[in-house]
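Visitor: Below is the file final_12.txt, with compact mmCIF, C-alpha atoms.
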# COMPACT_ATOMS: atom_id res chain seq x y z
CA MET W 1 -29.96 37.46 11.71
CA GLY W 2 -31.07 38.70 15.11
CA TYR W 3 -28.71 39.34 17.99
CA ARG W 4 -29.80 36.22 19.82
CA SER W 5 -29.24 33.85 16.92
CA ALA W 6 -25.94 35.53 16.09
CA MET W 7 -24.83 34.86 19.66
CA ALA W 8 -26.12 31.30 19.46
CA SER W 9 -24.09 30.53 16.37
CA LYS W 10 -21.04 32.19 17.92
CA ILE W 11 -21.34 29.92 20.93
CA ALA W 12 -21.88 26.87 18.74
CA GLY W 13 -18.79 27.87 16.78
CA ALA W 14 -16.72 28.17 19.95
CA ALA W 15 -17.95 24.80 21.18
CA GLN W 16 -16.82 23.05 18.02
CA LYS W 17 -13.38 24.40 17.44
CA ASP W 18 -12.15 21.90 14.94
CA ARG W 19 -14.97 22.23 12.46
CA ALA W 20 -14.46 22.83 8.78
CA ASP W 21 -16.66 23.66 5.84
CA PHE W 22 -17.29 21.04 3.17
CA GLY W 23 -19.10 23.09 0.59
CA PHE W 24 -22.00 24.40 2.66
CA ARG W 25 -22.04 21.41 5.03
CA GLU W 26 -20.16 21.61 8.30
CA VAL W 27 -17.97 18.61 8.97
CA GLY W 28 -15.10 17.68 11.29
CA ALA W 29 -11.70 18.91 10.15
CA ASP W 30 -10.30 15.40 9.65
CA GLU W 31 -13.47 14.32 7.90
CA LYS W 32 -13.08 17.22 5.45
CA THR W 33 -9.63 16.06 4.43
CA LYS W 34 -11.04 12.60 3.67
CA LEU W 35 -14.12 13.95 1.88
CA VAL W 36 -11.99 16.18 -0.33
CA ARG W 37 -9.80 13.21 -1.19
CA ASP W 38 -12.92 11.29 -2.20
CA VAL W 39 -14.06 14.13 -4.42
CA PHE W 40 -10.72 14.18 -6.19
CA ASP W 41 -10.59 10.40 -6.48
CA ASN W 42 -13.94 10.71 -8.20
CA VAL W 43 -13.04 13.50 -10.57
CA ALA W 44 -9.29 12.93 -11.08
CA ARG W 45 -9.61 11.75 -14.64
CA ARG W 46 -11.72 14.69 -15.65
CA TYR W 47 -10.28 17.42 -13.47
CA ASP W 48 -9.11 19.56 -16.37
CA LEU W 49 -12.54 19.22 -17.91
CA MET W 50 -14.09 20.47 -14.69
CA ASN W 51 -11.78 23.48 -14.60
CA ASP W 52 -12.75 24.12 -18.21
CA LEU W 53 -16.42 24.15 -17.29
CA MET W 54 -15.96 26.45 -14.32
CA SER W 55 -13.78 28.94 -16.12
CA GLY W 56 -15.11 28.71 -19.66
CA GLY W 57 -11.82 27.15 -20.73
CA VAL W 58 -9.71 30.11 -19.66
CA HIS W 59 -8.01 28.48 -16.65
CA ARG W 60 -5.21 27.67 -19.10
CA LEU W 61 -4.78 31.39 -19.84
CA TRP W 62 -4.79 32.14 -16.13
CA LYS W 63 -2.07 29.58 -15.54
CA ALA W 64 -0.06 31.19 -18.34
CA GLU W 65 -0.52 34.52 -16.56
CA LEU W 66 0.71 32.99 -13.30
CA ILE W 67 3.86 31.74 -15.05
CA ASP W 68 4.37 35.17 -16.68
CA LEU W 69 4.20 36.83 -13.29
CA LEU W 70 6.58 34.26 -11.81
CA ALA W 71 9.12 34.78 -14.63
CA PRO W 72 11.02 31.49 -14.10
CA GLN W 73 14.82 31.62 -14.16
CA PRO W 74 17.22 28.77 -15.01
CA ARG W 75 18.16 26.41 -12.17
CA GLN W 76 15.33 27.54 -9.93
CA THR W 77 13.25 25.09 -7.93
CA LEU W 78 9.47 25.32 -8.04
CA LEU W 79 7.16 23.55 -5.62
CA ASP W 80 3.68 23.36 -7.11
CA LEU W 81 1.13 22.42 -4.46
CA ALA W 82 -2.05 20.53 -5.30
CA GLY W 83 -0.69 20.53 -8.85
CA GLY W 84 -1.95 17.05 -9.66
CA THR W 85 -2.40 17.60 -13.37
CA GLY W 86 1.17 18.92 -13.70
CA ASP W 87 0.35 21.70 -16.14
CA VAL W 88 1.82 24.58 -14.10
CA ALA W 89 5.00 22.57 -13.50
CA SER W 90 5.44 21.78 -17.20
CA ARG W 91 4.83 25.41 -18.17
CA PHE W 92 7.47 26.46 -15.64
CA LEU W 93 10.01 24.05 -17.13
CA ALA W 94 9.14 25.06 -20.69
CA CYS W 95 10.06 28.69 -19.87
CA VAL W 96 13.67 27.72 -19.08
CA ASP W 97 14.10 24.88 -21.60
CA GLY W 98 13.89 22.33 -18.81
CA ASP W 99 16.88 23.80 -16.95
CA ALA W 100 15.08 23.92 -13.58
CA THR W 101 13.41 21.68 -11.03
CA ALA W 102 9.63 21.52 -10.82
CA ILE W 103 8.15 19.43 -8.04
CA VAL W 104 4.46 18.62 -8.00
CA CYS W 105 3.08 17.86 -4.55
CA ASP W 106 -0.51 16.67 -4.33
CA ILE W 107 -2.33 14.96 -1.47
CA ASN W 108 -4.09 12.71 -3.90
CA GLU W 109 -2.10 9.72 -5.08
CA SER W 110 -4.37 9.00 -8.03
CA MET W 111 -4.04 12.59 -9.31
CA VAL W 112 -0.25 12.30 -9.07
CA SER W 113 0.04 8.94 -10.78
CA GLN W 114 -2.29 10.02 -13.56
CA GLY W 115 -0.38 13.25 -14.06
CA ARG W 116 2.87 11.30 -14.22
CA ASP W 117 1.45 8.70 -16.61
CA ARG W 118 0.20 11.44 -18.88
CA ALA W 119 3.64 13.12 -18.85
CA ILE W 120 5.18 9.77 -19.82
CA ASP W 121 2.61 9.36 -22.61
CA ASN W 122 3.57 12.80 -23.91
CA GLY W 123 7.21 11.70 -23.98
CA ALA W 124 8.22 14.04 -21.16
CA LEU W 125 9.81 11.40 -18.95
CA THR W 126 12.36 13.71 -17.41
CA GLY W 127 11.40 17.08 -16.07
CA VAL W 128 8.53 17.23 -13.62
CA THR W 129 9.13 15.51 -10.28
CA TRP W 130 6.14 13.99 -8.56
CA MET W 131 5.29 13.35 -4.93
CA THR W 132 2.31 12.82 -2.66
CA GLY W 133 2.13 15.13 0.33
CA ASP W 134 -0.15 17.28 2.46
CA ALA W 135 0.05 21.05 1.95
CA GLU W 136 -0.57 21.49 5.70
CA ASN W 137 2.43 19.29 6.61
CA LEU W 138 4.92 19.66 3.81
CA PRO W 139 7.68 17.05 3.67
CA ILE W 140 10.08 19.68 2.36
CA ALA W 141 13.06 21.23 4.17
CA SER W 142 12.80 24.89 5.25
CA ALA W 143 14.15 27.55 2.88
CA SER W 144 14.69 25.10 0.01
CA VAL W 145 12.60 26.33 -2.95
CA ASP W 146 12.62 29.53 -5.03
CA ALA W 147 8.94 29.57 -5.84
CA CYS W 148 5.82 27.96 -4.43
CA THR W 149 2.54 27.96 -6.32
CA ILE W 150 -0.94 26.61 -5.77
CA SER W 151 -3.59 26.78 -8.49
CA PHE W 152 -7.20 25.93 -7.77
CA GLY W 153 -6.04 24.02 -4.74
CA LEU W 154 -6.08 26.20 -1.63
CA ARG W 155 -9.86 26.16 -1.31
CA ASN W 156 -9.72 22.38 -0.89
CA VAL W 157 -7.22 22.59 1.95
CA THR W 158 -8.80 22.14 5.38
CA ARG W 159 -6.61 24.50 7.43
CA LYS W 160 -5.63 27.19 4.93
CA GLU W 161 -3.51 29.19 7.40
CA ARG W 162 -1.36 26.13 8.03
CA ALA W 163 -0.84 25.56 4.31
CA LEU W 164 0.13 29.23 3.85
CA ALA W 165 2.55 29.05 6.78
CA GLU W 166 4.11 25.89 5.31
CA ALA W 167 4.51 27.56 1.91
CA HIS W 168 6.26 30.45 3.65
CA ARG W 169 8.52 28.07 5.59
CA VAL W 170 9.79 26.12 2.55
CA LEU W 171 10.57 29.25 0.49
CA LYS W 172 14.11 30.59 0.43
CA PRO W 173 14.47 34.23 1.47
CA GLY W 174 13.62 36.18 -1.68
CA GLY W 175 11.26 33.42 -2.77
CA ARG W 176 7.78 34.05 -4.07
CA PHE W 177 4.40 32.46 -3.40
CA LEU W 178 1.58 32.65 -5.94
CA CYS W 179 -1.97 31.46 -5.43
CA LEU W 180 -4.43 31.18 -8.29
CA GLU W 181 -7.97 30.49 -7.16
CA PHE W 182 -11.59 31.11 -8.03
CA SER W 183 -12.56 34.23 -6.15
CA ARG W 184 -15.22 36.90 -5.65
CA VAL W 185 -16.67 38.48 -8.79
CA GLN W 186 -16.58 42.24 -8.28
CA ALA W 187 -19.49 43.62 -10.34
CA PRO W 188 -22.85 42.72 -8.74
CA LEU W 189 -24.61 41.90 -12.01
CA LEU W 190 -21.82 39.68 -13.25
CA ARG W 191 -21.66 38.07 -9.83
CA ARG W 192 -25.35 37.19 -9.98
CA ALA W 193 -24.98 35.72 -13.46
CA TYR W 194 -21.95 33.66 -12.43
CA ASP W 195 -23.74 32.40 -9.31
CA LEU W 196 -26.68 31.33 -11.41
CA TYR W 197 -24.37 29.47 -13.77
CA SER W 198 -22.45 27.90 -10.88
CA PHE W 199 -25.40 26.65 -8.90
CA ALA W 200 -28.01 25.96 -11.57
CA VAL W 201 -25.93 24.76 -14.47
CA LEU W 202 -22.62 23.33 -13.24
CA PRO W 203 -23.82 20.49 -11.00
CA ARG W 204 -26.02 19.32 -13.89
CA LEU W 205 -23.09 19.50 -16.27
CA GLY W 206 -21.11 17.49 -13.72
CA GLN W 207 -23.85 14.90 -13.75
CA VAL W 208 -23.76 14.67 -17.54
CA VAL W 209 -20.03 14.79 -18.28
CA ALA W 210 -18.64 13.05 -15.18
CA ARG W 211 -21.77 11.28 -13.82
CA ASP W 212 -20.97 12.85 -10.50
CA ARG W 213 -23.26 15.67 -9.48
CA ASP W 214 -22.27 15.69 -5.79
CA SER W 215 -18.57 16.29 -6.39
CA TYR W 216 -19.34 19.23 -8.66
CA GLN W 217 -21.86 20.59 -6.19
CA TYR W 218 -19.12 20.51 -3.53
CA LEU W 219 -16.68 22.30 -5.82
CA VAL W 220 -19.13 25.10 -6.60
CA GLU W 221 -19.97 25.59 -2.95
CA SER W 222 -16.30 25.54 -1.94
CA ILE W 223 -15.68 28.43 -4.33
CA ARG W 224 -18.37 30.48 -2.62
CA ARG W 225 -16.93 29.70 0.83
CA PHE W 226 -13.38 30.66 -0.11
CA PRO W 227 -12.09 33.91 1.47
CA PRO W 228 -12.56 36.91 -0.85
CA GLN W 229 -9.49 38.73 -2.21
CA PRO W 230 -8.68 41.09 0.73
CA GLU W 231 -9.29 38.37 3.30
CA LEU W 232 -6.90 35.92 1.62
CA ALA W 233 -4.31 38.70 1.34
CA ALA W 234 -4.66 39.32 5.09
CA MET W 235 -4.22 35.61 5.80
CA MET W 236 -1.01 35.63 3.75
CA GLY W 237 0.28 38.66 5.63
CA ALA W 238 -0.54 36.98 8.95
CA VAL W 239 1.82 34.05 8.25
CA GLY W 240 4.68 36.37 7.29
CA PHE W 241 4.37 37.06 3.56
CA GLU W 242 5.44 40.55 2.54
CA GLN W 243 4.36 42.86 -0.28
CA VAL W 244 1.12 40.90 -0.66
CA THR W 245 -0.83 41.90 -3.75
CA TRP W 246 -3.47 40.39 -6.00
CA ARG W 247 -4.92 40.90 -9.43
CA ASN W 248 -8.42 39.95 -10.49
CA LEU W 249 -8.85 37.78 -13.54
CA MET W 250 -12.02 38.16 -15.60
CA GLY W 251 -13.61 40.55 -13.16
CA GLY W 252 -12.75 38.42 -10.14
CA ILE W 253 -13.99 35.01 -11.31
CA ALA W 254 -10.45 34.13 -10.29
CA ALA W 255 -7.71 36.03 -8.47
CA LEU W 256 -3.95 35.70 -8.54
CA HIS W 257 -2.39 36.49 -5.15
CA SER W 258 1.33 37.11 -4.71
CA GLY W 259 3.51 37.31 -1.63
CA TRP W 260 7.26 37.25 -0.94
CA ARG W 261 9.35 35.69 1.75
CA LEU W 262 11.93 38.35 2.49
CA MET C 1 18.54 -1.52 -17.79
CA PRO C 2 18.55 1.06 -14.99
CA ASP C 3 15.08 1.59 -13.64
CA THR C 4 15.10 5.39 -13.56
CA ALA C 5 11.32 5.68 -13.73
CA THR C 6 10.87 3.91 -10.39
CA ASP C 7 13.61 5.67 -8.44
CA ILE C 8 13.18 8.97 -6.60
CA ASP C 9 14.46 12.08 -8.33
CA PRO C 10 17.76 12.92 -6.52
CA ARG C 11 16.89 16.64 -6.58
CA LEU C 12 13.76 15.83 -4.59
CA LEU C 13 15.56 13.45 -2.25
CA GLU C 14 17.90 16.29 -1.31
CA ILE C 15 15.12 18.44 0.16
CA LEU C 16 12.67 15.80 1.41
CA VAL C 17 12.09 15.69 5.17
CA CYS C 18 9.65 13.90 7.44
CA PRO C 19 6.33 15.82 7.27
CA LEU C 20 5.74 15.19 10.98
CA THR C 21 9.10 16.07 12.53
CA LYS C 22 10.76 17.92 9.60
CA GLY C 23 13.74 15.69 10.46
CA PRO C 24 15.99 13.86 7.97
CA LEU C 25 14.97 10.71 6.10
CA SER C 26 17.01 7.76 5.01
CA TYR C 27 16.13 5.99 1.81
CA ASP C 28 15.84 2.21 1.83
CA ARG C 29 16.19 1.47 -1.88
CA THR C 30 15.50 -2.24 -1.61
CA ARG C 31 12.24 -1.87 0.31
CA HIS C 32 11.24 1.36 -1.44
CA GLU C 33 10.72 3.25 1.80
CA LEU C 34 11.81 6.54 3.31
CA LEU C 35 12.59 6.11 7.00
CA SER C 36 12.14 8.80 9.62
CA ALA C 37 14.09 7.81 12.74
CA GLN C 38 12.60 10.67 14.79
CA ALA C 39 9.00 9.82 13.95
CA GLY C 40 9.59 6.05 13.86
CA LEU C 41 7.79 5.87 10.53
CA ALA C 42 8.47 4.44 7.08
CA TYR C 43 6.90 6.28 4.16
CA PRO C 44 6.25 4.13 1.08
CA VAL C 45 7.66 4.94 -2.35
CA ARG C 46 5.36 3.59 -5.01
CA ASP C 47 6.47 3.67 -8.65
CA GLY C 48 9.15 6.21 -7.75
CA ILE C 49 6.60 8.53 -6.15
CA PRO C 50 7.20 9.17 -2.42
CA ILE C 51 3.95 9.00 -0.46
CA MET C 52 4.69 11.47 2.34
CA LEU C 53 1.44 11.08 4.28
CA VAL C 54 1.48 10.05 7.92
CA ASP C 55 -1.65 7.92 7.51
CA GLU C 56 0.01 5.96 4.70
CA ALA C 57 3.21 5.37 6.68
CA ARG C 58 4.22 2.16 8.47
CA SER C 59 5.44 2.21 12.08
CA LEU C 60 9.02 1.05 12.44
CA SER C 61 9.71 -1.95 14.65
CA ASP C 62 12.08 -1.57 17.63
CA ASP C 63 14.76 -3.50 15.70
CA GLU C 64 14.46 -1.16 12.74
CA LYS C 65 14.67 1.88 15.01
CA ALA C 66 17.79 0.47 16.67
CA ALA C 67 19.36 -0.23 13.28
CA LEU C 68 18.64 3.35 12.17
CA ALA C 69 20.08 4.77 15.40
CA GLY C 70 23.20 2.63 14.90
CA LYS C 71 23.72 4.07 11.44
CA ALA C 72 23.39 7.67 12.57
Before we go any further, please render this structure as structure tokens.
Guide:
Amino acid sequence: MGYRSAMASKIAGAAQKDRADFGFREVGADEKTKLVRDVFDNVARRYDLMNDLMSGGVHRLWKAELIDLLAPQPRQTLLDLAGGTGDVASRFLACVDGDATAIVCDINESMVSQGRDRAIDNGALTGVTWMTGDAENLPIASASVDACTISFGLRNVTRKERALAEAHRVLKPGGRFLCLEFSRVQAPLLRRAYDLYSFAVLPRLGQVVARDRDSYQYLVESIRRFPPQPELAAMMGAVGFEQVTWRNLMGGIAALHSGWRL
Amino acid sequence: MPDTATDIDPRLLEILVCPLTKGPLSYDRTRHELLSAQAGLAYPVRDGIPIMLVDEARSLSDDEKAALAGKA
């Protein structure tokens, strides 16, 4: 990109402050929130299937790793953001024989009601607590939870800094935030192969298994637009998290970021 | 039979606040709504699940606001 066009896009960026990315399209920030809700209304029923396709089935192992790192203790309270399917929350409770509180907060009402219905079907009526809420404007009192997690959710949040600041606010001092998200593959060859799979294969799979190519296309693009590991760590530090670290999972296909409120 | 499945989990109720003002909420069990006096909004509770989104909330009438203020 030449100097002139770089300047031009800088100016355009400054002129449209409240713009957001929707995959590779630029849309208004409020429009993004609505578009993302549409995507998840479309894919809610098959969301786990989609995660399976994007991770080769290993997102379940990654979630287990997140819970290992969190090391749940009895009587703790977990707030799991964008946790519509409820799997992180149920794993958390399973670690302490149900002697804890796990709250799932998802912006999408249909994800929440399906997650709850599934829990009821599995006979787990008590345990996970469900609510609908916006990660950018959490309806949770300050300093009230021991742990806050978000798995494959932050990249769908319009204003990520605000969601991170809210996570920091609701944590008790000594509380921990963990973010599991698709990230930047480190080795160039592996990265090229994964890109090829993501862009050439996944939207077609989405078409076949969910009859919804566009939603899958958005999801693939949103992964590519998500801040790489060091950038996300810096964003966490900027809202007040301390001792921010991350570990790459499968060469960086996903990353698990950790930060503390001290 | 107590309808536990359609009531809010008390552990959640304890830490719920208005997403807009972060102020306290009062729970109207008969109408299934969480009322924020500061924001003048009523958040619906559907099937025991609180819907804490401003664009899903109902504006409180002046009478309702007065009633809330009287209680506080």
Visitor: Taking (15.7, 0.1, 9.4) in the coordinates of the supplied file, I want to know which residues reach to within 12 Å of it, counting only C-alpha atoms; could you give the answer as a PyMOL selection string?
Guide: chain C and resi 25-37+40-43+58-72
Visitor: Go ahead and write the selection's residues with C-alpha atoms as a PDB file, keeping the file's coordinate frame.
Guide:
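And here is the file that came out, again13.pdb:
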ATOM      1  CA  LEU C  25      14.970  10.710   6.100  1.00  0.00           C
ATOM      2  CA  SER C  26      17.010   7.760   5.010  1.00  0.00           C
ATOM      3  CA  TYR C  27      16.130   5.990   1.810  1.00  0.00           C
ATOM      4  CA  ASP C  28      15.840   2.210   1.830  1.00  0.00           C
ATOM      5  CA  ARG C  29      16.190   1.470  -1.880  1.00  0.00           C
ATOM      6  CA  THR C  30      15.500  -2.240  -1.610  1.00  0.00           C
ATOM      7  CA  ARG C  31      12.240  -1.870   0.310  1.00  0.00           C
ATOM      8  CA  HIS C  32      11.240   1.360  -1.440  1.00  0.00           C
ATOM      9  CA  GLU C  33      10.720   3.250   1.800  1.00  0.00           C
ATOM     10  CA  LEU C  34      11.810   6.540   3.310  1.00  0.00           C
ATOM     11  CA  LEU C  35      12.590   6.110   7.000  1.00  0.00           C
ATOM     12  CA  SER C  36      12.140   8.800   9.620  1.00  0.00           C
ATOM     13  CA  ALA C  37      14.090   7.810  12.740  1.00  0.00           C
ATOM     14  CA  GLY C  40       9.590   6.050  13.860  1.00  0.00           C
ATOM     15  CA  LEU C  41       7.790   5.870  10.530  1.00  0.00           C
ATOM     16  CA  ALA C  42       8.470   4.440   7.080  1.00  0.00           C
ATOM     17  CA  TYR C  43       6.900   6.280   4.160  1.00  0.00           C
ATOM     18  CA  ARG C  58       4.220   2.160   8.470  1.00  0.00           C
ATOM     19  CA  SER C  59       5.440   2.210  12.080  1.00  0.00           C
ATOM     20  CA  LEU C  60       9.020   1.050  12.440  1.00  0.00           C
ATOM     21  CA  SER C  61       9.710  -1.950  14.650  1.00  0.00           C
ATOM     22  CA  ASP C  62      12.080  -1.570  17.630  1.00  0.00           C
ATOM     23  CA  ASP C  63      14.760  -3.500  15.700  1.00  0.00           C
ATOM     24  CA  GLU C  64      14.460  -1.160  12.740  1.00  0.00           C
ATOM     25  CA  LYS C  65      14.670   1.880  15.010  1.00  0.00           C
ATOM     26  CA  ALA C  66      17.790   0.470  16.670  1.00  0.00           C
ATOM     27  CA  ALA C  67      19.360  -0.230  13.280  1.00  0.00           C
ATOM     28  CA  LEU C  68      18.640   3.350  12.170  1.00  0.00           C
ATOM     29  CA  ALA C  69      20.080   4.770  15.400  1.00  0.00           C
ATOM     30  CA  GLY C  70      23.200   2.630  14.900  1.00  0.00           C
ATOM     31  CA  LYS C  71      23.720   4.070  11.440  1.00  0.00           C
ATOM     32  CA  ALA C  72      23.390   7.670  12.570  1.00  0.00           C
TER      33      ALA C  72
END
Visitor: In Å, how far is it from CA of Phe226 in chain W to CA of Asn156 in chain W?
Guide: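 CA of Asn156 in chain W lies at a distance of 9.1 Å from CA of Phe226 in chain W.
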Visitor: So the first atom is CA of Val220 in chain W and the second is CA of Thr132 in chain W; what is the distance between them in Å, to one decimal place?
Guide: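 Interatomic distance here is 25.0 Å.
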Visitor: Name the residues within 12 Å of (2.6, 16.9, 9.1), counting all atoms listed in the file in the file's coordinates, and put them as a list of chain:residue names.
Guide: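 Within 12 Å of (2.6, 16.9, 9.1), the protein and nucleic acid residues are W:Ile107, W:Gly133, W:Asp134, W:Ala135, W:Glu136, W:Asn137, W:Leu138, W:Pro139, W:Ile140, W:Arg162, W:Ala163, W:Glu166, C:Val17, C:Cys18, C:Pro19, C:Leu20, C:Thr21, C:Lys22, C:Gly23, C:Ala39, C:Met52, C:Leu53, C:Val54, C:Asp55, C:Ala57.
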Visitor: One decimal, Å: what's the distance from CA of Pro24 in chain C over to CA of Glu31 in chain W, could you say?
Guide: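 So the two atoms, CA of Pro24 in chain C and CA of Glu31 in chain W, lie 29.5 Å apart.
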Visitor: Specify as a PDB file with C-alpha atoms, in the frame of the given file all residues of chain W found within 10 Å of chain C, counting only C-alpha atoms.
Guide:
ATOM      1  CA  THR W  77      13.250  25.090  -7.930  1.00  0.00           C
ATOM      2  CA  THR W 101      13.410  21.680 -11.030  1.00  0.00           C
ATOM      3  CA  ALA W 102       9.630  21.520 -10.820  1.00  0.00           C
ATOM      4  CA  ILE W 103       8.150  19.430  -8.040  1.00  0.00           C
ATOM      5  CA  CYS W 105       3.080  17.860  -4.550  1.00  0.00           C
ATOM      6  CA  ASP W 106      -0.510  16.670  -4.330  1.00  0.00           C
ATOM      7  CA  ILE W 107      -2.330  14.960  -1.470  1.00  0.00           C
ATOM      8  CA  ASN W 108      -4.090  12.710  -3.900  1.00  0.00           C
ATOM      9  CA  GLU W 109      -2.100   9.720  -5.080  1.00  0.00           C
ATOM     10  CA  VAL W 112      -0.250  12.300  -9.070  1.00  0.00           C
ATOM     11  CA  SER W 113       0.040   8.940 -10.780  1.00  0.00           C
ATOM     12  CA  ARG W 116       2.870  11.300 -14.220  1.00  0.00           C
ATOM     13  CA  ILE W 120       5.180   9.770 -19.820  1.00  0.00           C
ATOM     14  CA  LEU W 125       9.810  11.400 -18.950  1.00  0.00           C
ATOM     15  CA  THR W 126      12.360  13.710 -17.410  1.00  0.00           C
ATOM     16  CA  GLY W 127      11.400  17.080 -16.070  1.00  0.00           C
ATOM     17  CA  VAL W 128       8.530  17.230 -13.620  1.00  0.00           C
ATOM     18  CA  THR W 129       9.130  15.510 -10.280  1.00  0.00           C
ATOM     19  CA  TRP W 130       6.140  13.990  -8.560  1.00  0.00           C
ATOM     20  CA  MET W 131       5.290  13.350  -4.930  1.00  0.00           C
ATOM     21  CA  THR W 132       2.310  12.820  -2.660  1.00  0.00           C
ATOM     22  CA  GLY W 133       2.130  15.130   0.330  1.00  0.00           C
ATOM     23  CA  ASP W 134      -0.150  17.280   2.460  1.00  0.00           C
ATOM     24  CA  ALA W 135       0.050  21.050   1.950  1.00  0.00           C
ATOM     25  CA  GLU W 136      -0.570  21.490   5.700  1.00  0.00           C
ATOM     26  CA  ASN W 137       2.430  19.290   6.610  1.00  0.00           C
ATOM     27  CA  LEU W 138       4.920  19.660   3.810  1.00  0.00           C
ATOM     28  CA  PRO W 139       7.680  17.050   3.670  1.00  0.00           C
ATOM     29  CA  ILE W 140      10.080  19.680   2.360  1.00  0.00           C
ATOM     30  CA  ALA W 141      13.060  21.230   4.170  1.00  0.00           C
ATOM     31  CA  SER W 142      12.800  24.890   5.250  1.00  0.00           C
ATOM     32  CA  ALA W 143      14.150  27.550   2.880  1.00  0.00           C
ATOM     33  CA  SER W 144      14.690  25.100   0.010  1.00  0.00           C
ATOM     34  CA  VAL W 145      12.600  26.330  -2.950  1.00  0.00           C
ATOM     35  CA  VAL W 170       9.790  26.120   2.550  1.00  0.00           C
TER      36      VAL W 170
END
Visitor: Which neighbours of Ala255 in chain W fall inside 8 Å, counting only C-alpha atoms, when residues of the same chain fewer than 4 positions from it are skipped, and could you give them as a PyMOL selection string?
Guide: chain W and resi 179-183+229+246-249
Visitor: Kindly indicate which residue among W:Trp260, W:Phe22, W:Tyr194, W:Tyr216 lies nearest to Gly240 in chain W, using all atoms listed in the file for the distances.
Guide: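 Going through W:Trp260, W:Phe22, W:Tyr194, W:Tyr216 one by one, the smallest distance to Gly240 in chain W is for W:Trp260.
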Visitor: Excluding Gln243 in chain W and its own-chain neighbours fewer than 4 positions away, which residues fall within 10 Å of it when counting all atoms listed in the file? Please give them as a list in words.
Guide: Ala233, Met236, Gly237, Ser258, Gly259, Trp260, Arg261 and Leu262 of chain W
